[in-house]
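Asks: Enclosed is the structure file run22.pdb (PDB, C-alpha atoms).
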ATOM      1  CA  SER A   1      -4.570  -2.048 -39.700  1.00  0.00           C
ATOM      2  CA  ILE A   2      -4.540   0.289 -36.762  1.00  0.00           C
ATOM      3  CA  ASN A   3      -4.421   4.012 -37.477  1.00  0.00           C
ATOM      4  CA  GLU A   4      -5.209   7.280 -35.727  1.00  0.00           C
ATOM      5  CA  GLU A   5      -8.913   7.014 -36.558  1.00  0.00           C
ATOM      6  CA  VAL A   6      -9.141   3.526 -35.051  1.00  0.00           C
ATOM      7  CA  ILE A   7      -7.381   4.734 -31.882  1.00  0.00           C
ATOM      8  CA  GLN A   8      -9.751   7.707 -31.535  1.00  0.00           C
ATOM      9  CA  ASP A   9     -12.681   5.276 -31.826  1.00  0.00           C
ATOM     10  CA  VAL A  10     -11.150   3.008 -29.146  1.00  0.00           C
ATOM     11  CA  ILE A  11     -10.619   5.993 -26.843  1.00  0.00           C
ATOM     12  CA  ALA A  12     -14.211   7.191 -27.340  1.00  0.00           C
ATOM     13  CA  LYS A  13     -15.544   3.731 -26.487  1.00  0.00           C
ATOM     14  CA  LEU A  14     -13.335   3.484 -23.392  1.00  0.00           C
ATOM     15  CA  GLU A  15     -14.353   6.958 -22.196  1.00  0.00           C
ATOM     16  CA  ALA A  16     -18.025   6.047 -22.649  1.00  0.00           C
ATOM     17  CA  THR A  17     -17.603   3.285 -20.053  1.00  0.00           C
ATOM     18  CA  LYS A  18     -16.593   5.932 -17.456  1.00  0.00           C
ATOM     19  CA  ILE A  19     -13.253   4.274 -16.662  1.00  0.00           C
ATOM     20  CA  THR A  20     -10.439   6.404 -15.285  1.00  0.00           C
ATOM     21  CA  PRO A  21      -7.746   8.040 -17.424  1.00  0.00           C
ATOM     22  CA  ALA A  22      -5.221   5.676 -15.803  1.00  0.00           C
ATOM     23  CA  THR A  23      -7.161   2.648 -17.061  1.00  0.00           C
ATOM     24  CA  ILE A  24      -7.463   4.168 -20.540  1.00  0.00           C
ATOM     25  CA  ASN A  25      -3.689   4.708 -20.471  1.00  0.00           C
ATOM     26  CA  ARG A  26      -3.116   1.023 -19.658  1.00  0.00           C
ATOM     27  CA  HIS A  27      -5.110   0.082 -22.781  1.00  0.00           C
ATOM     28  CA  LEU A  28      -3.286   2.641 -24.938  1.00  0.00           C
ATOM     29  CA  SER A  29       0.099   1.503 -23.629  1.00  0.00           C
ATOM     30  CA  ALA A  30      -0.706  -2.080 -24.586  1.00  0.00           C
ATOM     31  CA  ILE A  31      -1.704  -0.983 -28.090  1.00  0.00           C
ATOM     32  CA  LYS A  32       1.498   1.089 -28.425  1.00  0.00           C
ATOM     33  CA  THR A  33       3.575  -1.922 -27.376  1.00  0.00           C
ATOM     34  CA  LEU A  34       1.899  -4.129 -29.986  1.00  0.00           C
ATOM     35  CA  LEU A  35       2.360  -1.521 -32.710  1.00  0.00           C
ATOM     36  CA  ARG A  36       6.035  -1.070 -31.813  1.00  0.00           C
ATOM     37  CA  TYR A  37       6.500  -4.856 -31.894  1.00  0.00           C
ATOM     38  CA  LYS A  38       4.875  -5.012 -35.358  1.00  0.00           C
ATOM     39  CA  LYS A  39       6.992  -2.018 -36.452  1.00  0.00           C
ATOM     40  CA  GLN A  40       3.932   0.119 -37.183  1.00  0.00           C
ATOM     41  CA  GLN A  41       3.402   3.820 -36.582  1.00  0.00           C
ATOM     42  CA  TRP A  42       2.467   4.488 -32.946  1.00  0.00           C
ATOM     43  CA  ASP A  43       3.701   7.986 -32.025  1.00  0.00           C
ATOM     44  CA  TYR A  44       0.265   9.549 -32.629  1.00  0.00           C
ATOM     45  CA  ILE A  45      -1.075   7.752 -29.545  1.00  0.00           C
ATOM     46  CA  LYS A  46      -1.034  10.246 -26.691  1.00  0.00           C
ATOM     47  CA  LEU A  47      -1.640   9.125 -23.112  1.00  0.00           C
ATOM     48  CA  ARG A  48      -4.196  10.914 -20.954  1.00  0.00           C
ATOM     49  CA  LYS A  49      -3.211  13.131 -18.067  1.00  0.00           C
ATOM     50  CA  GLU A  50      -3.522  11.168 -14.822  1.00  0.00           C
ATOM     51  CA  PRO A  51      -4.201  12.648 -11.400  1.00  0.00           C
ATOM     52  CA  LYS A  52      -1.407  12.423  -8.876  1.00  0.00           C
ATOM     53  CA  GLY A  53      -1.592   9.516  -6.438  1.00  0.00           C
ATOM     54  CA  ARG A  54      -2.219   9.781  -2.739  1.00  0.00           C
ATOM     55  CA  ILE A  55       0.013  12.224  -0.958  1.00  0.00           C
ATOM     56  CA  ARG A  56      -1.594  12.228   2.496  1.00  0.00           C
ATOM     57  CA  VAL A  57       0.754  11.883   5.428  1.00  0.00           C
ATOM     58  CA  LEU A  58      -0.146  11.561   9.088  1.00  0.00           C
ATOM     59  CA  THR A  59       0.913  14.200  11.529  1.00  0.00           C
ATOM     60  CA  LYS A  60       2.703  12.982  14.653  1.00  0.00           C
ATOM     61  CA  MET A  61      -0.471  13.858  16.569  1.00  0.00           C
ATOM     62  CA  GLU A  62      -2.639  11.740  14.229  1.00  0.00           C
ATOM     63  CA  GLU A  63      -0.181   8.847  14.451  1.00  0.00           C
ATOM     64  CA  ASN A  64      -0.279   8.963  18.247  1.00  0.00           C
ATOM     65  CA  GLN A  65      -4.056   9.308  18.240  1.00  0.00           C
ATOM     66  CA  VAL A  66      -4.551   6.245  16.011  1.00  0.00           C
ATOM     67  CA  LEU A  67      -2.231   4.173  18.189  1.00  0.00           C
ATOM     68  CA  ASP A  68      -3.841   5.400  21.436  1.00  0.00           C
ATOM     69  CA  ILE A  69      -7.337   4.616  20.154  1.00  0.00           C
ATOM     70  CA  ILE A  70      -6.415   1.130  18.925  1.00  0.00           C
ATOM     71  CA  ARG A  71      -4.374   0.269  22.015  1.00  0.00           C
ATOM     72  CA  GLY A  72      -6.954   1.760  24.383  1.00  0.00           C
ATOM     73  CA  ILE A  73      -9.899  -0.393  23.325  1.00  0.00           C
ATOM     74  CA  LYS A  74     -11.353  -2.868  25.777  1.00  0.00           C
ATOM     75  CA  LEU A  75     -10.488  -6.218  24.251  1.00  0.00           C
ATOM     76  CA  ASN A  76     -12.961  -8.964  23.456  1.00  0.00           C
ATOM     77  CA  THR A  77     -13.076 -11.862  20.980  1.00  0.00           C
ATOM     78  CA  ARG A  78     -14.162  -9.543  18.141  1.00  0.00           C
ATOM     79  CA  ASN A  79     -11.224  -7.147  18.458  1.00  0.00           C
ATOM     80  CA  ASP A  80      -8.446  -9.204  20.061  1.00  0.00           C
ATOM     81  CA  PHE A  81      -6.209  -8.451  17.056  1.00  0.00           C
ATOM     82  CA  TYR A  82      -6.136  -4.678  17.734  1.00  0.00           C
ATOM     83  CA  PRO A  83      -2.871  -4.704  19.767  1.00  0.00           C
ATOM     84  CA  GLU A  84      -1.153  -6.590  16.951  1.00  0.00           C
ATOM     85  CA  THR A  85      -2.518  -4.032  14.487  1.00  0.00           C
ATOM     86  CA  ALA A  86      -1.088  -1.211  16.607  1.00  0.00           C
ATOM     87  CA  ASP A  87       2.360  -2.851  16.426  1.00  0.00           C
ATOM     88  CA  LEU A  88       1.964  -3.269  12.670  1.00  0.00           C
ATOM     89  CA  ILE A  89       1.075   0.427  12.301  1.00  0.00           C
ATOM     90  CA  GLY A  90       4.253   1.368  14.182  1.00  0.00           C
ATOM     91  CA  LEU A  91       6.294  -0.828  11.843  1.00  0.00           C
ATOM     92  CA  LEU A  92       4.692   0.671   8.729  1.00  0.00           C
ATOM     93  CA  VAL A  93       5.191   4.266   9.872  1.00  0.00           C
ATOM     94  CA  ASP A  94       8.813   3.786  10.896  1.00  0.00           C
ATOM     95  CA  THR A  95       9.927   1.722   7.886  1.00  0.00           C
ATOM     96  CA  GLY A  96       7.738   2.941   5.016  1.00  0.00           C
ATOM     97  CA  MET A  97       6.878  -0.665   4.218  1.00  0.00           C
ATOM     98  CA  ARG A  98       3.674  -1.527   2.374  1.00  0.00           C
ATOM     99  CA  LEU A  99       0.924  -3.280   4.339  1.00  0.00           C
ATOM    100  CA  SER A 100       1.467  -6.502   2.386  1.00  0.00           C
ATOM    101  CA  GLU A 101       5.207  -6.374   3.087  1.00  0.00           C
ATOM    102  CA  GLY A 102       4.612  -5.958   6.820  1.00  0.00           C
ATOM    103  CA  LEU A 103       2.097  -8.788   6.932  1.00  0.00           C
ATOM    104  CA  GLN A 104       4.388 -11.158   4.989  1.00  0.00           C
ATOM    105  CA  LEU A 105       7.476 -10.313   7.039  1.00  0.00           C
ATOM    106  CA  LYS A 106       9.384 -13.265   8.510  1.00  0.00           C
ATOM    107  CA  TYR A 107      11.999 -13.152  11.242  1.00  0.00           C
ATOM    108  CA  GLU A 108      14.539 -14.781   8.928  1.00  0.00           C
ATOM    109  CA  ASP A 109      14.479 -11.462   7.005  1.00  0.00           C
ATOM    110  CA  VAL A 110      15.176  -9.364  10.115  1.00  0.00           C
ATOM    111  CA  SER A 111      18.734  -8.716  11.240  1.00  0.00           C
ATOM    112  CA  PHE A 112      18.845  -7.476  14.812  1.00  0.00           C
ATOM    113  CA  THR A 113      22.623  -7.029  14.546  1.00  0.00           C
ATOM    114  CA  SER A 114      22.648  -4.778  11.470  1.00  0.00           C
ATOM    115  CA  ASN A 115      19.207  -3.308  12.270  1.00  0.00           C
ATOM    116  CA  LEU A 116      17.966  -4.050   8.749  1.00  0.00           C
ATOM    117  CA  ILE A 117      14.810  -5.660   7.428  1.00  0.00           C
ATOM    118  CA  SER A 118      15.182  -7.322   4.024  1.00  0.00           C
ATOM    119  CA  ILE A 119      12.179  -7.268   1.742  1.00  0.00           C
ATOM    120  CA  TRP A 120      12.628  -9.844  -0.987  1.00  0.00           C
ATOM    121  CA  VAL A 121       9.206  -9.876  -2.654  1.00  0.00           C
ATOM    122  CA  ASN A 122       7.481  -6.563  -3.265  1.00  0.00           C
ATOM    123  CA  LYS A 123       5.440  -4.593  -5.761  1.00  0.00           C
ATOM    124  CA  GLY A 124       8.533  -3.087  -7.399  1.00  0.00           C
ATOM    125  CA  GLU A 125      10.057  -6.564  -7.826  1.00  0.00           C
ATOM    126  CA  LYS A 126      13.392  -5.258  -6.516  1.00  0.00           C
ATOM    127  CA  PRO A 127      14.631  -6.602  -3.196  1.00  0.00           C
ATOM    128  CA  ARG A 128      15.544  -3.894  -0.720  1.00  0.00           C
ATOM    129  CA  SER A 129      16.514  -3.417   2.897  1.00  0.00           C
ATOM    130  CA  VAL A 130      15.015  -0.893   5.275  1.00  0.00           C
ATOM    131  CA  PRO A 131      16.533   0.241   8.566  1.00  0.00           C
ATOM    132  CA  MET A 132      14.824  -0.463  11.886  1.00  0.00           C
ATOM    133  CA  THR A 133      14.161   2.262  14.392  1.00  0.00           C
ATOM    134  CA  LYS A 134      14.564   1.506  18.095  1.00  0.00           C
ATOM    135  CA  ARG A 135      10.763   1.336  18.367  1.00  0.00           C
ATOM    136  CA  VAL A 136      10.544  -1.268  15.589  1.00  0.00           C
ATOM    137  CA  LYS A 137      13.446  -3.323  16.936  1.00  0.00           C
ATOM    138  CA  THR A 138      11.969  -3.401  20.453  1.00  0.00           C
ATOM    139  CA  MET A 139       8.521  -4.292  19.136  1.00  0.00           C
ATOM    140  CA  LEU A 140       9.820  -7.074  16.852  1.00  0.00           C
ATOM    141  CA  GLU A 141      11.915  -8.570  19.645  1.00  0.00           C
ATOM    142  CA  ALA A 142       8.862  -8.575  21.925  1.00  0.00           C
ATOM    143  CA  ARG A 143       6.646 -10.117  19.238  1.00  0.00           C
ATOM    144  CA  MET A 144       9.207 -12.896  18.718  1.00  0.00           C
ATOM    145  CA  THR A 145       8.080 -14.394  22.041  1.00  0.00           C
ATOM    146  CA  ILE A 146       4.574 -14.796  20.551  1.00  0.00           C
ATOM    147  CA  ASN A 147       5.576 -16.317  17.203  1.00  0.00           C
ATOM    148  CA  LYS A 148       9.120 -17.342  16.250  1.00  0.00           C
ATOM    149  CA  VAL A 149       8.465 -17.355  12.476  1.00  0.00           C
ATOM    150  CA  ARG A 150       6.381 -14.247  11.744  1.00  0.00           C
ATOM    151  CA  PRO A 151       5.834 -11.072  13.742  1.00  0.00           C
ATOM    152  CA  PHE A 152       2.298 -10.614  12.398  1.00  0.00           C
ATOM    153  CA  THR A 153      -0.435 -13.200  11.980  1.00  0.00           C
ATOM    154  CA  ILE A 154      -3.368 -10.883  11.333  1.00  0.00           C
ATOM    155  CA  THR A 155      -4.977 -10.485   7.928  1.00  0.00           C
ATOM    156  CA  LYS A 156      -5.196  -7.436   5.698  1.00  0.00           C
ATOM    157  CA  HIS A 157      -8.923  -7.356   6.495  1.00  0.00           C
ATOM    158  CA  GLN A 158      -8.314  -7.295  10.251  1.00  0.00           C
ATOM    159  CA  ALA A 159      -5.735  -4.499   9.941  1.00  0.00           C
ATOM    160  CA  GLY A 160      -8.183  -2.519   7.802  1.00  0.00           C
ATOM    161  CA  HIS A 161     -10.989  -3.119  10.284  1.00  0.00           C
ATOM    162  CA  ALA A 162      -8.935  -1.749  13.196  1.00  0.00           C
ATOM    163  CA  TRP A 163      -7.761   1.190  11.086  1.00  0.00           C
ATOM    164  CA  ASN A 164     -11.299   2.098  10.018  1.00  0.00           C
ATOM    165  CA  TRP A 165     -12.522   1.811  13.598  1.00  0.00           C
ATOM    166  CA  ALA A 166      -9.853   4.292  14.741  1.00  0.00           C
ATOM    167  CA  ARG A 167     -10.571   6.517  11.745  1.00  0.00           C
ATOM    168  CA  LYS A 168     -14.242   6.625  12.722  1.00  0.00           C
ATOM    169  CA  HIS A 169     -13.375   7.528  16.316  1.00  0.00           C
ATOM    170  CA  MET A 170     -11.103  10.301  15.063  1.00  0.00           C
ATOM    171  CA  GLY A 171     -13.924  11.761  12.957  1.00  0.00           C
ATOM    172  CA  LEU A 172     -12.007  11.226   9.721  1.00  0.00           C
ATOM    173  CA  THR A 173     -14.444   9.005   7.800  1.00  0.00           C
ATOM    174  CA  THR A 174     -14.842  11.677   5.099  1.00  0.00           C
ATOM    175  CA  ASP A 175     -11.064  12.015   4.617  1.00  0.00           C
ATOM    176  CA  LYS A 176     -10.634   9.631   1.666  1.00  0.00           C
ATOM    177  CA  GLU A 177      -6.840   9.892   1.915  1.00  0.00           C
ATOM    178  CA  PHE A 178      -6.681   8.739   5.559  1.00  0.00           C
ATOM    179  CA  VAL A 179      -5.896   5.123   4.681  1.00  0.00           C
ATOM    180  CA  ILE A 180      -3.309   2.627   5.899  1.00  0.00           C
ATOM    181  CA  HIS A 181      -1.176   3.284   2.813  1.00  0.00           C
ATOM    182  CA  ALA A 182      -0.705   6.878   4.071  1.00  0.00           C
ATOM    183  CA  LEU A 183       1.606   5.350   6.683  1.00  0.00           C
ATOM    184  CA  ARG A 184       4.051   4.561   3.871  1.00  0.00           C
ATOM    185  CA  HIS A 185       4.136   8.227   2.861  1.00  0.00           C
ATOM    186  CA  THR A 186       4.472   9.298   6.485  1.00  0.00           C
TER     187      THR A 186
END
Could I get this structure in the form of structure tokens?

Replies:
Amino acid sequence: SINEEVIQDVIAKLEATKITPATINRHLSAIKTLLRYKKQQWDYIKLRKEPKGRIRVLTKMEENQVLDIIRGIKLNTRNDFYPETADLIGLLVDTGMRLSEGLQLKYEDVSFTSNLISIWVNKGEKPRSVPMTKRVKTMLEARMTINKVRPFTITKHQAGHAWNWARKHMGLTTDKEFVIHALRHT
């Protein structure tokens, strides 16, 4: 039997482990779902207040600076993926796509006639289409000469490495919100 006292004990134990309010809420939501399913009282379970997610956006100047830094590096075997990362950053900024969506993109999902990119598999589990800017269309057409199946062959790790390198050169290592996902908000 689960009652208010049991829930308060569960919450106290979860809080003692120093997990975030969001994680505590995931546990409480699961308990509420079970109680609802078993037709037991559950309305006394109150979720914790969660902090807002990232809201950082890049200024046009920061966007240009990141791209200039990544494109301006002298290439060698350790950073030969930087130009591809710069193209990926342009795609992410202009479309609002997630990093994973950009990396998994295939040309069969790009329509150069309607200027739309179809995203079939994503975090929200709802297929959607995003419009292409002229910059994205030009870049994707150029990348098609490199690989006919996928515009991007780099890994998430490589994209993050190039991003962090640019971030360091911009003096933004202490800005915890200056992450690749900020491109989606931008």

Asks: Can you pull out the residues contacting His181 of chain A? Cut-off 12 Å, using all atoms listed in the file, and skip same-chain residues under 3 positions away; I want them as a VMD selection string.

Replies: chain A and resid 53 to 58 89 92 to 93 96 to 102 156 159 to 160 163 176 to 178 184 to 186

Asks: Of the candidates A:Lys74, A:His169, A:Lys13, A:Lys137, which one gets nearest to Ser114 of chain A if we count all atoms listed in the file?

Replies: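 Comparing A:Lys74, A:His169, A:Lys13, A:Lys137 against Ser114 of chain A, the winner is A:Lys137.
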
Asks: Please write the residues picked by the PyMOL selection byres ((chain A and resi 109) around 10) on this file as a list in words.

Replies: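 Applying the expression gives Leu105, Lys106, Tyr107, Glu108, Val110, Ser111, Phe112, Leu116, Ile117, Ser118, Ile119, Trp120, Ser129 and Arg150 of chain A.
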
Asks: When the PyMOL selection byres ((chain A and resi 63) around 12) is applied to the structure above, which residues does it catch, written out as a PyMOL selection string?

Replies: chain A and resi 57-62+64-70+86+89-94+163+166-167+170+178-180+182-183+186

Asks: Starting from the shown file, work through the PyMOL selection byres ((chain A and resi 133) around 8) and note down what comes out as a PDB file with C-alpha atoms, in the coordinates of the input.

Replies:
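This went into out_4.pdb:
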ATOM      1  CA  ASP A  94       8.813   3.786  10.896  1.00  0.00           C
ATOM      2  CA  THR A  95       9.927   1.722   7.886  1.00  0.00           C
ATOM      3  CA  ASN A 115      19.207  -3.308  12.270  1.00  0.00           C
ATOM      4  CA  PRO A 131      16.533   0.241   8.566  1.00  0.00           C
ATOM      5  CA  MET A 132      14.824  -0.463  11.886  1.00  0.00           C
ATOM      6  CA  LYS A 134      14.564   1.506  18.095  1.00  0.00           C
ATOM      7  CA  ARG A 135      10.763   1.336  18.367  1.00  0.00           C
ATOM      8  CA  VAL A 136      10.544  -1.268  15.589  1.00  0.00           C
ATOM      9  CA  LYS A 137      13.446  -3.323  16.936  1.00  0.00           C
TER      10      LYS A 137
END

Asks: If I take atom CA of Lys126 of chain A and atom CA of Thr138 of chain A, how far is one from the other in Å, to one decimal?

Replies: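 About the pair atom CA of Lys126 of chain A and atom CA of Thr138 of chain A: they are 27.1 Å apart.
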
Asks: Using all atoms of segment 118-135 of chain A that appear in the file, construct an axis-aligned enclosing box with 4 Å of padding on every side and provide its centre coordinates and edge lengths in Å, rounded to one decimal, as AutoDock Vina command-line options.

Replies:
--center_x 11.0 --center_y -3.8 --center_z 5.3 --size_x 19.1 --size_y 20.1 --size_z 34.2

Asks: Atom CA of Leu47 of chain A to atom CA of Ala16 of chain A: how many Å, to one decimal?

Replies: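 Taking atom CA of Leu47 of chain A and atom CA of Ala16 of chain A, their separation equals 16.7 Å.
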
Asks: Could you tell me which of A:Thr155, A:Thr173, A:Ser29, A:Asp87 comes closest to Ala142 of chain A if we count all atoms listed in the file?

Replies: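 Checking each candidate against Ala142 of chain A, we get A:Asp87 as the closest.
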
Asks: Between A:Arg48, A:His161, A:Arg78, A:Lys39, which is the closest to Glu15 of chain A once you count only C-alpha atoms?

Replies: A:Arg48

Asks: Which residue is closest to Ile73 of chain A? Choose from A:Ile11, A:Thr17, A:Lys49, A:Trp165 and count only C-alpha atoms.

Replies: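 The closest residue to Ile73 of chain A is A:Trp165.
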
Asks: Given all atoms listed in the file as the basis, pick out the residue of A:Leu28, A:Leu103, A:Leu35, A:Val10 nearest to Thr153 of chain A.

Replies: A:Leu103

Asks: State, in Å with one decimal place, the distance from atom CA of Leu140 of chain A to atom CA of His157 of chain A.

Replies: 21.4 Å

Asks: Using only C-alpha atoms, find the one residue out of A:Ile45, A:Ile154, A:Val6, A:Leu172 that sits nearest to Asp80 of chain A.

Replies: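 Looking at the shortest contact to Asp80 of chain A, the residue is A:Ile154.
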